[in-house]
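Trainee: If it helps, the file is called upload.pdb and holds PDB, C-alpha atoms, pLDDT in the B column:
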ATOM      1  CA  MET U   1     139.349-158.487  70.840  1.00 68.00           C
ATOM      2  CA  SER U   2     140.080-154.751  70.599  1.00 77.00           C
ATOM      3  CA  ASP U   3     140.619-152.938  67.309  1.00 75.00           C
ATOM      4  CA  PHE U   4     144.310-152.673  68.103  1.00 78.00           C
ATOM      5  CA  ASP U   5     144.628-156.393  68.831  1.00 81.00           C
ATOM      6  CA  ARG U   6     142.913-157.116  65.505  1.00 80.00           C
ATOM      7  CA  TYR U   7     145.360-154.728  63.832  1.00 78.00           C
ATOM      8  CA  LEU U   8     148.319-156.467  65.496  1.00 78.00           C
ATOM      9  CA  GLU U   9     147.024-159.907  64.500  1.00 80.00           C
ATOM     10  CA  THR U  10     146.606-158.760  60.903  1.00 81.00           C
ATOM     11  CA  LEU U  11     150.087-157.260  60.980  1.00 77.00           C
ATOM     12  CA  LYS U  12     151.584-160.544  62.228  1.00 77.00           C
ATOM     13  CA  ASP U  13     149.739-162.496  59.527  1.00 79.00           C
ATOM     14  CA  GLU U  14     150.976-160.048  56.886  1.00 77.00           C
ATOM     15  CA  LEU U  15     154.495-160.333  58.254  1.00 73.00           C
ATOM     16  CA  THR U  16     154.385-164.140  58.022  1.00 76.00           C
ATOM     17  CA  ARG U  17     153.077-163.918  54.472  1.00 77.00           C
ATOM     18  CA  MET U  18     155.743-161.361  53.514  1.00 70.00           C
ATOM     19  CA  VAL U  19     158.544-163.511  54.969  1.00 71.00           C
ATOM     20  CA  ARG U  20     157.279-166.592  53.119  1.00 74.00           C
ATOM     21  CA  GLU U  21     157.041-164.703  49.841  1.00 74.00           C
ATOM     22  CA  HIS U  22     160.206-162.623  49.919  1.00 69.00           C
ATOM     23  CA  TRP U  23     162.555-163.997  52.554  1.00 65.00           C
ATOM     24  CA  ALA U  24     161.962-167.726  52.359  1.00 69.00           C
ATOM     25  CA  ASP U  25     165.713-168.370  52.625  1.00 66.00           C
ATOM     26  CA  TRP U  26     165.844-166.586  55.957  1.00 61.00           C
ATOM     27  CA  GLY U  27     162.773-168.483  57.187  1.00 63.00           C
ATOM     28  CA  GLU U  28     162.575-168.753  60.963  1.00 70.00           C
ATOM     29  CA  GLU U  29     165.242-166.124  61.599  1.00 67.00           C
ATOM     30  CA  ALA U  30     163.344-163.504  59.606  1.00 68.00           C
ATOM     31  CA  LEU U  31     160.104-164.403  61.390  1.00 71.00           C
ATOM     32  CA  LYS U  32     161.775-164.200  64.796  1.00 74.00           C
ATOM     33  CA  SER U  33     163.360-160.879  63.902  1.00 70.00           C
ATOM     34  CA  GLY U  34     159.978-159.532  62.750  1.00 72.00           C
ATOM     35  CA  ASP U  35     158.234-160.829  65.885  1.00 76.00           C
ATOM     36  CA  ARG U  36     160.900-159.279  68.111  1.00 78.00           C
ATOM     37  CA  PHE U  37     160.508-155.987  66.288  1.00 76.00           C
ATOM     38  CA  LEU U  38     156.724-156.040  66.719  1.00 79.00           C
ATOM     39  CA  ARG U  39     157.081-156.891  70.425  1.00 83.00           C
ATOM     40  CA  ASP U  40     159.539-154.037  70.952  1.00 82.00           C
ATOM     41  CA  VAL U  41     157.367-151.482  69.192  1.00 86.00           C
ATOM     42  CA  GLU U  42     153.971-152.729  70.371  1.00 89.00           C
ATOM     43  CA  GLY U  43     153.590-150.035  73.047  1.00 92.00           C
ATOM     44  CA  ASP U  44     154.385-147.236  70.619  1.00 94.00           C
ATOM     45  CA  LEU U  45     152.218-148.773  67.883  1.00 91.00           C
ATOM     46  CA  ARG U  46     149.318-149.055  70.319  1.00 91.00           C
ATOM     47  CA  ARG U  47     149.612-145.384  71.282  1.00 95.00           C
ATOM     48  CA  TRP U  48     150.094-144.185  67.686  1.00 95.00           C
ATOM     49  CA  THR U  49     147.162-146.241  66.453  1.00 94.00           C
ATOM     50  CA  ALA U  50     144.952-144.694  69.144  1.00 94.00           C
ATOM     51  CA  LEU U  51     146.141-141.215  68.125  1.00 97.00           C
ATOM     52  CA  LEU U  52     145.428-142.070  64.480  1.00 96.00           C
ATOM     53  CA  VAL U  53     141.898-143.259  65.313  1.00 95.00           C
ATOM     54  CA  GLU U  54     141.318-140.079  67.346  1.00 96.00           C
ATOM     55  CA  ARG U  55     142.634-138.139  64.317  1.00 97.00           C
ATOM     56  CA  ARG U  56     145.297-136.489  66.443  1.00 97.00           C
ATOM     57  CA  LEU U  57     147.868-137.958  64.053  1.00 98.00           C
ATOM     58  CA  THR U  58     147.382-137.855  60.299  1.00 97.00           C
ATOM     59  CA  GLU U  59     147.930-140.976  58.240  1.00 97.00           C
ATOM     60  CA  GLU U  60     151.172-139.455  56.919  1.00 97.00           C
ATOM     61  CA  GLU U  61     152.439-138.698  60.410  1.00 98.00           C
ATOM     62  CA  PHE U  62     151.541-142.216  61.529  1.00 96.00           C
ATOM     63  CA  ARG U  63     153.395-143.664  58.554  1.00 96.00           C
ATOM     64  CA  PHE U  64     156.448-141.490  59.266  1.00 97.00           C
ATOM     65  CA  LEU U  65     156.583-142.704  62.874  1.00 96.00           C
ATOM     66  CA  VAL U  66     156.296-146.360  61.889  1.00 93.00           C
ATOM     67  CA  GLU U  67     158.978-145.869  59.227  1.00 94.00           C
ATOM     68  CA  SER U  68     161.194-144.236  61.842  1.00 95.00           C
ATOM     69  CA  LYS U  69     161.056-147.551  63.709  1.00 92.00           C
ATOM     70  CA  LYS U  70     162.482-149.205  60.621  1.00 88.00           C
ATOM     71  CA  ASP U  71     165.381-146.729  60.680  1.00 92.00           C
ATOM     72  CA  LEU U  72     165.833-147.476  64.381  1.00 92.00           C
ATOM     73  CA  LEU U  73     165.966-151.192  63.580  1.00 87.00           C
ATOM     74  CA  GLU U  74     168.776-150.611  61.065  1.00 89.00           C
ATOM     75  CA  LEU U  75     170.677-148.284  63.406  1.00 92.00           C
ATOM     76  CA  ALA U  76     170.399-150.852  66.198  1.00 90.00           C
ATOM     77  CA  ALA U  77     171.581-153.643  63.867  1.00 88.00           C
ATOM     78  CA  LEU U  78     174.671-151.573  62.984  1.00 90.00           C
ATOM     79  CA  LYS U  79     175.309-150.937  66.666  1.00 92.00           C
ATOM     80  CA  GLU U  80     175.008-154.667  67.428  1.00 88.00           C
ATOM     81  CA  ALA U  81     177.414-155.498  64.600  1.00 90.00           C
ATOM     82  CA  GLY U  82     179.876-153.009  66.098  1.00 91.00           C
ATOM     83  CA  LEU U  83     179.468-154.395  69.600  1.00 90.00           C
ATOM     84  CA  SER U  84     180.129-157.919  68.291  1.00 88.00           C
ATOM     85  CA  ALA U  85     183.321-156.704  66.582  1.00 89.00           C
ATOM     86  CA  ILE U  86     184.397-155.004  69.821  1.00 90.00           C
ATOM     87  CA  ARG U  87     183.766-158.171  71.864  1.00 88.00           C
ATOM     88  CA  LEU U  88     185.737-160.213  69.333  1.00 88.00           C
ATOM     89  CA  GLU U  89     188.595-157.740  69.486  1.00 85.00           C
ATOM     90  CA  GLN U  90     188.626-157.789  73.290  1.00 84.00           C
ATOM     91  CA  PHE U  91     188.760-161.583  73.174  1.00 86.00           C
ATOM     92  CA  ARG U  92     191.583-161.538  70.621  1.00 83.00           C
ATOM     93  CA  ASN U  93     193.544-159.000  72.641  1.00 81.00           C
ATOM     94  CA  GLY U  94     193.151-161.236  75.684  1.00 84.00           C
ATOM     95  CA  VAL U  95     194.438-164.263  73.785  1.00 84.00           C
ATOM     96  CA  VAL U  96     197.407-162.311  72.380  1.00 81.00           C
ATOM     97  CA  ASN U  97     198.337-160.913  75.806  1.00 81.00           C
ATOM     98  CA  LEU U  98     198.119-164.379  77.305  1.00 82.00           C
ATOM     99  CA  ALA U  99     200.216-165.928  74.515  1.00 82.00           C
ATOM    100  CA  VAL U 100     202.923-163.283  74.835  1.00 80.00           C
ATOM    101  CA  SER U 101     203.086-163.268  78.636  1.00 81.00           C
ATOM    102  CA  THR U 102     203.110-167.075  78.765  1.00 82.00           C
ATOM    103  CA  ALA U 103     205.883-167.209  76.146  1.00 78.00           C
ATOM    104  CA  VAL U 104     207.951-164.738  78.132  1.00 79.00           C
ATOM    105  CA  ASP U 105     207.385-166.665  81.372  1.00 81.00           C
ATOM    106  CA  VAL U 106     208.073-170.115  79.954  1.00 81.00           C
ATOM    107  CA  LEU U 107     210.617-169.533  77.207  1.00 78.00           C
ATOM    108  CA  LEU U 108     212.796-166.709  78.505  1.00 75.00           C
TER     109      LEU U 108
ATOM    110  CA  MET O   1     215.516-176.314  73.174  1.00 50.00           C
ATOM    111  CA  LYS O   2     218.356-173.861  73.871  1.00 54.00           C
ATOM    112  CA  PRO O   3     217.389-170.432  75.277  1.00 55.00           C
ATOM    113  CA  SER O   4     218.768-168.588  72.243  1.00 69.00           C
ATOM    114  CA  ARG O   5     216.618-170.693  69.933  1.00 67.00           C
ATOM    115  CA  ARG O   6     213.583-170.048  72.137  1.00 66.00           C
ATOM    116  CA  ARG O   7     214.171-166.341  71.781  1.00 67.00           C
ATOM    117  CA  ARG O   8     214.358-166.721  68.028  1.00 67.00           C
ATOM    118  CA  VAL O   9     211.046-168.622  68.004  1.00 64.00           C
ATOM    119  CA  LEU O  10     209.491-165.899  70.127  1.00 62.00           C
ATOM    120  CA  ILE O  11     210.755-163.174  67.839  1.00 63.00           C
ATOM    121  CA  LEU O  12     209.312-165.074  64.874  1.00 61.00           C
ATOM    122  CA  LEU O  13     205.948-165.528  66.588  1.00 63.00           C
ATOM    123  CA  LEU O  14     205.535-161.953  67.799  1.00 62.00           C
ATOM    124  CA  PRO O  15     204.699-160.435  64.389  1.00 58.00           C
ATOM    125  CA  LEU O  16     201.978-163.078  64.014  1.00 59.00           C
ATOM    126  CA  PHE O  17     200.472-162.058  67.341  1.00 58.00           C
ATOM    127  CA  LEU O  18     200.738-158.411  66.500  1.00 57.00           C
ATOM    128  CA  GLY O  19     199.071-159.108  63.163  1.00 57.00           C
ATOM    129  CA  ALA O  20     196.225-160.786  65.013  1.00 55.00           C
ATOM    130  CA  CYS O  21     195.855-157.559  66.991  1.00 56.00           C
ATOM    131  CA  ALA O  22     194.785-155.669  63.827  1.00 63.00           C
ATOM    132  CA  SER O  23     191.463-154.213  64.803  1.00 74.00           C
ATOM    133  CA  ALA O  24     188.188-154.939  62.997  1.00 82.00           C
ATOM    134  CA  ILE O  25     186.635-151.692  64.197  1.00 91.00           C
ATOM    135  CA  ALA O  26     187.912-148.183  64.896  1.00 94.00           C
ATOM    136  CA  PRO O  27     188.958-147.446  68.478  1.00 94.00           C
ATOM    137  CA  TYR O  28     187.032-145.039  70.692  1.00 96.00           C
ATOM    138  CA  ASP O  29     187.257-141.456  69.492  1.00 97.00           C
ATOM    139  CA  HIS O  30     186.452-138.830  72.082  1.00 97.00           C
ATOM    140  CA  TYR O  31     185.800-136.109  69.509  1.00 97.00           C
ATOM    141  CA  ALA O  32     183.305-138.352  67.688  1.00 98.00           C
ATOM    142  CA  TYR O  33     181.581-139.156  71.001  1.00 98.00           C
ATOM    143  CA  VAL O  34     181.293-135.489  72.002  1.00 98.00           C
ATOM    144  CA  GLN O  35     180.008-134.618  68.526  1.00 98.00           C
ATOM    145  CA  ALA O  36     177.321-137.322  68.640  1.00 98.00           C
ATOM    146  CA  THR O  37     176.071-136.342  72.098  1.00 98.00           C
ATOM    147  CA  SER O  38     175.948-132.626  71.344  1.00 98.00           C
ATOM    148  CA  LEU O  39     174.260-133.232  67.968  1.00 98.00           C
ATOM    149  CA  LYS O  40     171.601-135.299  69.740  1.00 98.00           C
ATOM    150  CA  VAL O  41     170.877-132.408  72.118  1.00 98.00           C
ATOM    151  CA  GLU O  42     170.764-129.959  69.207  1.00 98.00           C
ATOM    152  CA  ALA O  43     168.443-132.219  67.213  1.00 98.00           C
ATOM    153  CA  LEU O  44     165.984-132.493  70.095  1.00 98.00           C
ATOM    154  CA  GLU O  45     166.106-128.745  70.725  1.00 98.00           C
ATOM    155  CA  LEU O  46     165.299-128.169  67.065  1.00 98.00           C
ATOM    156  CA  LEU O  47     162.371-130.586  67.212  1.00 98.00           C
ATOM    157  CA  ASP O  48     161.008-128.654  70.180  1.00 98.00           C
ATOM    158  CA  LEU O  49     160.815-125.652  67.832  1.00 98.00           C
ATOM    159  CA  ALA O  50     159.202-127.600  64.995  1.00 98.00           C
ATOM    160  CA  THR O  51     155.664-126.632  66.051  1.00 98.00           C
ATOM    161  CA  GLU O  52     156.634-123.086  65.080  1.00 98.00           C
ATOM    162  CA  SER O  53     157.190-121.684  61.598  1.00 98.00           C
ATOM    163  CA  TYR O  54     160.144-123.293  59.798  1.00 98.00           C
ATOM    164  CA  GLU O  55     161.079-119.941  58.287  1.00 98.00           C
ATOM    165  CA  ASP O  56     161.692-118.509  61.756  1.00 98.00           C
ATOM    166  CA  HIS O  57     164.311-121.203  62.383  1.00 98.00           C
ATOM    167  CA  ARG O  58     165.711-121.800  58.917  1.00 98.00           C
ATOM    168  CA  VAL O  59     169.177-120.486  59.769  1.00 98.00           C
ATOM    169  CA  ARG O  60     169.426-122.644  62.874  1.00 98.00           C
ATOM    170  CA  VAL O  61     168.324-125.728  60.939  1.00 98.00           C
ATOM    171  CA  GLU O  62     170.898-125.028  58.232  1.00 98.00           C
ATOM    172  CA  ARG O  63     173.634-124.667  60.845  1.00 98.00           C
ATOM    173  CA  PHE O  64     172.604-127.972  62.383  1.00 98.00           C
ATOM    174  CA  ARG O  65     172.618-129.718  59.001  1.00 98.00           C
ATOM    175  CA  SER O  66     176.084-128.341  58.361  1.00 98.00           C
ATOM    176  CA  ARG O  67     177.366-129.602  61.721  1.00 98.00           C
ATOM    177  CA  MET O  68     175.912-133.040  61.020  1.00 98.00           C
ATOM    178  CA  LYS O  69     177.671-133.136  57.649  1.00 98.00           C
ATOM    179  CA  LYS O  70     180.980-132.151  59.240  1.00 98.00           C
ATOM    180  CA  ALA O  71     180.583-134.833  61.909  1.00 98.00           C
ATOM    181  CA  TYR O  72     179.806-137.384  59.184  1.00 98.00           C
ATOM    182  CA  GLU O  73     182.899-136.418  57.190  1.00 98.00           C
ATOM    183  CA  TYR O  74     184.973-136.781  60.336  1.00 98.00           C
ATOM    184  CA  VAL O  75     183.691-140.257  61.304  1.00 98.00           C
ATOM    185  CA  ARG O  76     183.907-141.369  57.671  1.00 97.00           C
ATOM    186  CA  SER O  77     187.582-140.420  57.564  1.00 97.00           C
ATOM    187  CA  LEU O  78     188.464-142.725  60.462  1.00 97.00           C
ATOM    188  CA  PRO O  79     189.781-146.142  59.405  1.00 95.00           C
ATOM    189  CA  ARG O  80     187.477-149.121  60.014  1.00 94.00           C
ATOM    190  CA  ASN O  81     184.638-146.840  61.024  1.00 96.00           C
ATOM    191  CA  GLU O  82     182.147-147.881  58.340  1.00 95.00           C
ATOM    192  CA  LEU O  83     179.434-148.914  60.809  1.00 95.00           C
ATOM    193  CA  THR O  84     179.304-145.491  62.474  1.00 97.00           C
ATOM    194  CA  ALA O  85     179.510-143.756  59.093  1.00 97.00           C
ATOM    195  CA  ARG O  86     176.529-145.820  57.879  1.00 96.00           C
ATOM    196  CA  GLN O  87     174.616-144.834  61.026  1.00 97.00           C
ATOM    197  CA  TYR O  88     175.180-141.173  60.170  1.00 98.00           C
ATOM    198  CA  GLU O  89     173.957-141.805  56.633  1.00 97.00           C
ATOM    199  CA  ILE O  90     170.656-143.069  58.052  1.00 97.00           C
ATOM    200  CA  LEU O  91     170.311-140.053  60.343  1.00 98.00           C
ATOM    201  CA  MET O  92     171.110-137.727  57.438  1.00 98.00           C
ATOM    202  CA  ASP O  93     168.907-139.227  54.733  1.00 98.00           C
ATOM    203  CA  PRO O  94     166.427-136.480  53.758  1.00 98.00           C
ATOM    204  CA  ASP O  95     164.176-139.119  52.197  1.00 97.00           C
ATOM    205  CA  GLY O  96     164.391-141.274  55.301  1.00 97.00           C
ATOM    206  CA  HIS O  97     162.588-141.093  58.633  1.00 97.00           C
ATOM    207  CA  SER O  98     165.242-139.888  61.015  1.00 98.00           C
ATOM    208  CA  ILE O  99     166.343-136.344  61.857  1.00 98.00           C
ATOM    209  CA  PHE O 100     167.023-135.075  58.319  1.00 98.00           C
ATOM    210  CA  GLY O 101     163.758-136.596  57.110  1.00 98.00           C
ATOM    211  CA  ALA O 102     161.948-134.894  59.993  1.00 98.00           C
ATOM    212  CA  LEU O 103     163.587-131.530  59.218  1.00 98.00           C
ATOM    213  CA  ARG O 104     162.629-131.864  55.579  1.00 98.00           C
ATOM    214  CA  ARG O 105     159.060-132.605  56.589  1.00 98.00           C
ATOM    215  CA  TRP O 106     159.078-129.513  58.808  1.00 98.00           C
ATOM    216  CA  GLU O 107     160.453-127.424  55.939  1.00 98.00           C
ATOM    217  CA  GLU O 108     157.811-128.698  53.500  1.00 98.00           C
ATOM    218  CA  SER O 109     154.886-128.440  55.912  1.00 97.00           C
ATOM    219  CA  GLY O 110     155.841-125.087  57.411  1.00 98.00           C
ATOM    220  CA  ARG O 111     155.251-126.411  60.915  1.00 98.00           C
ATOM    221  CA  LEU O 112     154.604-129.765  62.581  1.00 98.00           C
ATOM    222  CA  SER O 113     151.791-130.729  64.930  1.00 98.00           C
ATOM    223  CA  PRO O 114     152.598-130.851  68.671  1.00 98.00           C
ATOM    224  CA  VAL O 115     151.387-134.462  69.001  1.00 98.00           C
ATOM    225  CA  PHE O 116     153.561-135.611  66.098  1.00 98.00           C
ATOM    226  CA  VAL O 117     156.612-133.752  67.432  1.00 98.00           C
ATOM    227  CA  GLU O 118     156.175-135.247  70.890  1.00 97.00           C
ATOM    228  CA  GLU O 119     156.054-138.780  69.479  1.00 97.00           C
ATOM    229  CA  LEU O 120     158.875-138.148  67.019  1.00 98.00           C
ATOM    230  CA  ARG O 121     161.172-136.719  69.683  1.00 97.00           C
ATOM    231  CA  GLY O 122     161.463-140.092  71.440  1.00 96.00           C
ATOM    232  CA  GLU O 123     162.236-141.844  68.161  1.00 97.00           C
ATOM    233  CA  ILE O 124     164.969-139.414  67.145  1.00 98.00           C
ATOM    234  CA  ALA O 125     166.525-139.608  70.619  1.00 98.00           C
ATOM    235  CA  GLN O 126     166.724-143.398  70.253  1.00 96.00           C
ATOM    236  CA  HIS O 127     168.270-143.031  66.794  1.00 97.00           C
ATOM    237  CA  PHE O 128     171.123-140.910  68.152  1.00 98.00           C
ATOM    238  CA  ASP O 129     171.503-143.243  71.139  1.00 97.00           C
ATOM    239  CA  GLN O 130     172.497-146.078  68.767  1.00 95.00           C
ATOM    240  CA  VAL O 131     175.427-143.982  67.506  1.00 98.00           C
ATOM    241  CA  ILE O 132     176.426-142.816  70.992  1.00 98.00           C
ATOM    242  CA  THR O 133     176.254-146.303  72.540  1.00 97.00           C
ATOM    243  CA  LEU O 134     178.440-147.776  69.816  1.00 96.00           C
ATOM    244  CA  GLU O 135     181.058-145.025  70.119  1.00 97.00           C
ATOM    245  CA  ALA O 136     181.130-145.302  73.922  1.00 97.00           C
ATOM    246  CA  ALA O 137     181.672-149.080  73.706  1.00 96.00           C
ATOM    247  CA  LYS O 138     184.685-148.855  71.393  1.00 95.00           C
ATOM    248  CA  ILE O 139     188.011-149.816  72.903  1.00 88.00           C
ATOM    249  CA  LYS O 140     190.043-146.945  74.290  1.00 85.00           C
ATOM    250  CA  ARG O 141     193.557-146.532  72.923  1.00 74.00           C
ATOM    251  CA  ILE O 142     196.350-146.978  75.447  1.00 69.00           C
ATOM    252  CA  PRO O 143     198.327-143.718  75.380  1.00 63.00           C
TER     253      PRO O 143
END
Rewrite the structure from the file as structure tokens, please.
Mentor:
Amino acid sequence: MSDFDRYLETLKDELTRMVREHWADWGEEALKSGDRFLRDVEGDLRRWTALLVERRLTEEEFRFLVESKKDLLELAALKEAGLSAIRLEQFRNGVVNLAVSTAVDVLL
Amino acid sequence: MKPSRRRRVLILLLPLFLGACASAIAPYDHYAYVQATSLKVEALELLDLATESYEDHRVRVERFRSRMKKAYEYVRSLPRNELTARQYEILMDPDGHSIFGALRRWEESGRLSPVFVEELRGEIAQHFDQVITLEAAKIKRIP
């Protein structure tokens, strides 16, 4: 097992522990969300960790980059919430159009 | 049912349907979209300069910050646009880890390392993409 794989394993264990301690109510969903996040960022984390080990990134720079992923996660969650609202609105508009056109066809 | 009564029922139902049409999210705003895309380009151009002395680019950074604030005030003023406004707040948090946080770091450090800037550039681009994608997906108003 490479150093990075050990790091990733430790990170996953820490994530599980953190979810159990602080987000027990969210349980599986929080774990899945954390796992998905780690999967999405694994490539970047791998590269940044290598740069950190080679001392081409300082610890502070490494931390900033990882934290920027957290900001990305929040920005993406807001985008997803917006996209859900848009899909709901499109569905509602479809229902309204159908109800009105059917009423006109059948009743008038 | 007589036709006249049907019409009355329809007239009574229409406001309900129209009420159901009340949107949960702001419609597409072309000005907001153009602002977000051009601010992304500006942000990345600034980051390309971040390996140089901050003092040499202070004025440009200040102008960019000002444009971001104006864009934020604009999106915040649109009804039902809280999600986009919150996205801007993340981008603009000087204590955070998006573009304003990066600019603050540049200001405090004097200059940033090329390796860090190269890695950061991709992150900041993705941050702006979340704002742009949401705006582009919003429903266009029928003129």
Trainee: For the provided coordinates, the residues matched by the ChimeraX specification (/O :<7) & /U should be stated as a PDB file with C-alpha atoms, in the coordinates of the input.
Mentor:
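Written out: expr-v4.pdb:
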ATOM      1  CA  ARG U  56     145.297-136.489  66.443  1.00 97.00           C
ATOM      2  CA  LEU U  57     147.868-137.958  64.053  1.00 98.00           C
ATOM      3  CA  GLU U  61     152.439-138.698  60.410  1.00 98.00           C
ATOM      4  CA  PHE U  64     156.448-141.490  59.266  1.00 97.00           C
ATOM      5  CA  LEU U  65     156.583-142.704  62.874  1.00 96.00           C
ATOM      6  CA  GLU U  67     158.978-145.869  59.227  1.00 94.00           C
ATOM      7  CA  SER U  68     161.194-144.236  61.842  1.00 95.00           C
ATOM      8  CA  ASP U  71     165.381-146.729  60.680  1.00 92.00           C
ATOM      9  CA  LEU U  72     165.833-147.476  64.381  1.00 92.00           C
ATOM     10  CA  LEU U  75     170.677-148.284  63.406  1.00 92.00           C
ATOM     11  CA  ALA U  76     170.399-150.852  66.198  1.00 90.00           C
ATOM     12  CA  LEU U  78     174.671-151.573  62.984  1.00 90.00           C
ATOM     13  CA  LYS U  79     175.309-150.937  66.666  1.00 92.00           C
ATOM     14  CA  GLY U  82     179.876-153.009  66.098  1.00 91.00           C
ATOM     15  CA  LEU U  83     179.468-154.395  69.600  1.00 90.00           C
ATOM     16  CA  ALA U  85     183.321-156.704  66.582  1.00 89.00           C
ATOM     17  CA  ILE U  86     184.397-155.004  69.821  1.00 90.00           C
ATOM     18  CA  GLU U  89     188.595-157.740  69.486  1.00 85.00           C
ATOM     19  CA  ARG U  92     191.583-161.538  70.621  1.00 83.00           C
ATOM     20  CA  ASN U  93     193.544-159.000  72.641  1.00 81.00           C
ATOM     21  CA  VAL U  96     197.407-162.311  72.380  1.00 81.00           C
ATOM     22  CA  LEU U 107     210.617-169.533  77.207  1.00 78.00           C
ATOM     23  CA  LEU U 108     212.796-166.709  78.505  1.00 75.00           C
TER      24      LEU U 108
END
Trainee: I'd like the neighbourhood of U:Leu45 as a ChimeraX atom specification, where a residue qualifies if any of its atoms comes within 12 Å (using all atoms listed in the file), though same-chain residues fewer than 5 positions away should be ignored.
Mentor: /U:4-5,7-8,11,37-40,50-53,62-63,65-69 /O:119
Trainee: Convert the current residue selection to file output with C-alpha atoms, as a compact mmCIF listing (two decimals), in the coordinates of the input.
Mentor:
# COMPACT_ATOMS: atom_id res chain seq x y z
CA PHE U 4 144.31 -152.67 68.10
CA ASP U 5 144.63 -156.39 68.83
CA TYR U 7 145.36 -154.73 63.83
CA LEU U 8 148.32 -156.47 65.50
CA LEU U 11 150.09 -157.26 60.98
CA PHE U 37 160.51 -155.99 66.29
CA LEU U 38 156.72 -156.04 66.72
CA ARG U 39 157.08 -156.89 70.42
CA ASP U 40 159.54 -154.04 70.95
CA ALA U 50 144.95 -144.69 69.14
CA LEU U 51 146.14 -141.22 68.12
CA LEU U 52 145.43 -142.07 64.48
CA VAL U 53 141.90 -143.26 65.31
CA PHE U 62 151.54 -142.22 61.53
CA ARG U 63 153.40 -143.66 58.55
CA LEU U 65 156.58 -142.70 62.87
CA VAL U 66 156.30 -146.36 61.89
CA GLU U 67 158.98 -145.87 59.23
CA SER U 68 161.19 -144.24 61.84
CA LYS U 69 161.06 -147.55 63.71
CA GLU O 119 156.05 -138.78 69.48
Trainee: Quote the spacing between atom CA of U:Lys12 and atom CA of U:Leu73 in Å to one decimal place.
Mentor: 17.2 Å
Trainee: Exactly which residues make up the result of the PyMOL selection byres ((chain O and resi 58) around 12) on this file, given as a list in words?
Mentor: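 Output from the PyMOL selection byres ((chain O and resi 58) around 12), applied to this file: Leu46, Leu49, Ala50, Glu52, Ser53, Tyr54, Glu55, Asp56, His57, Val59, Arg60, Val61, Glu62, Arg63, Phe64, Arg65, Leu103, Arg104, Trp106, Glu107, Glu108, Gly110 and Arg111 of chain O.
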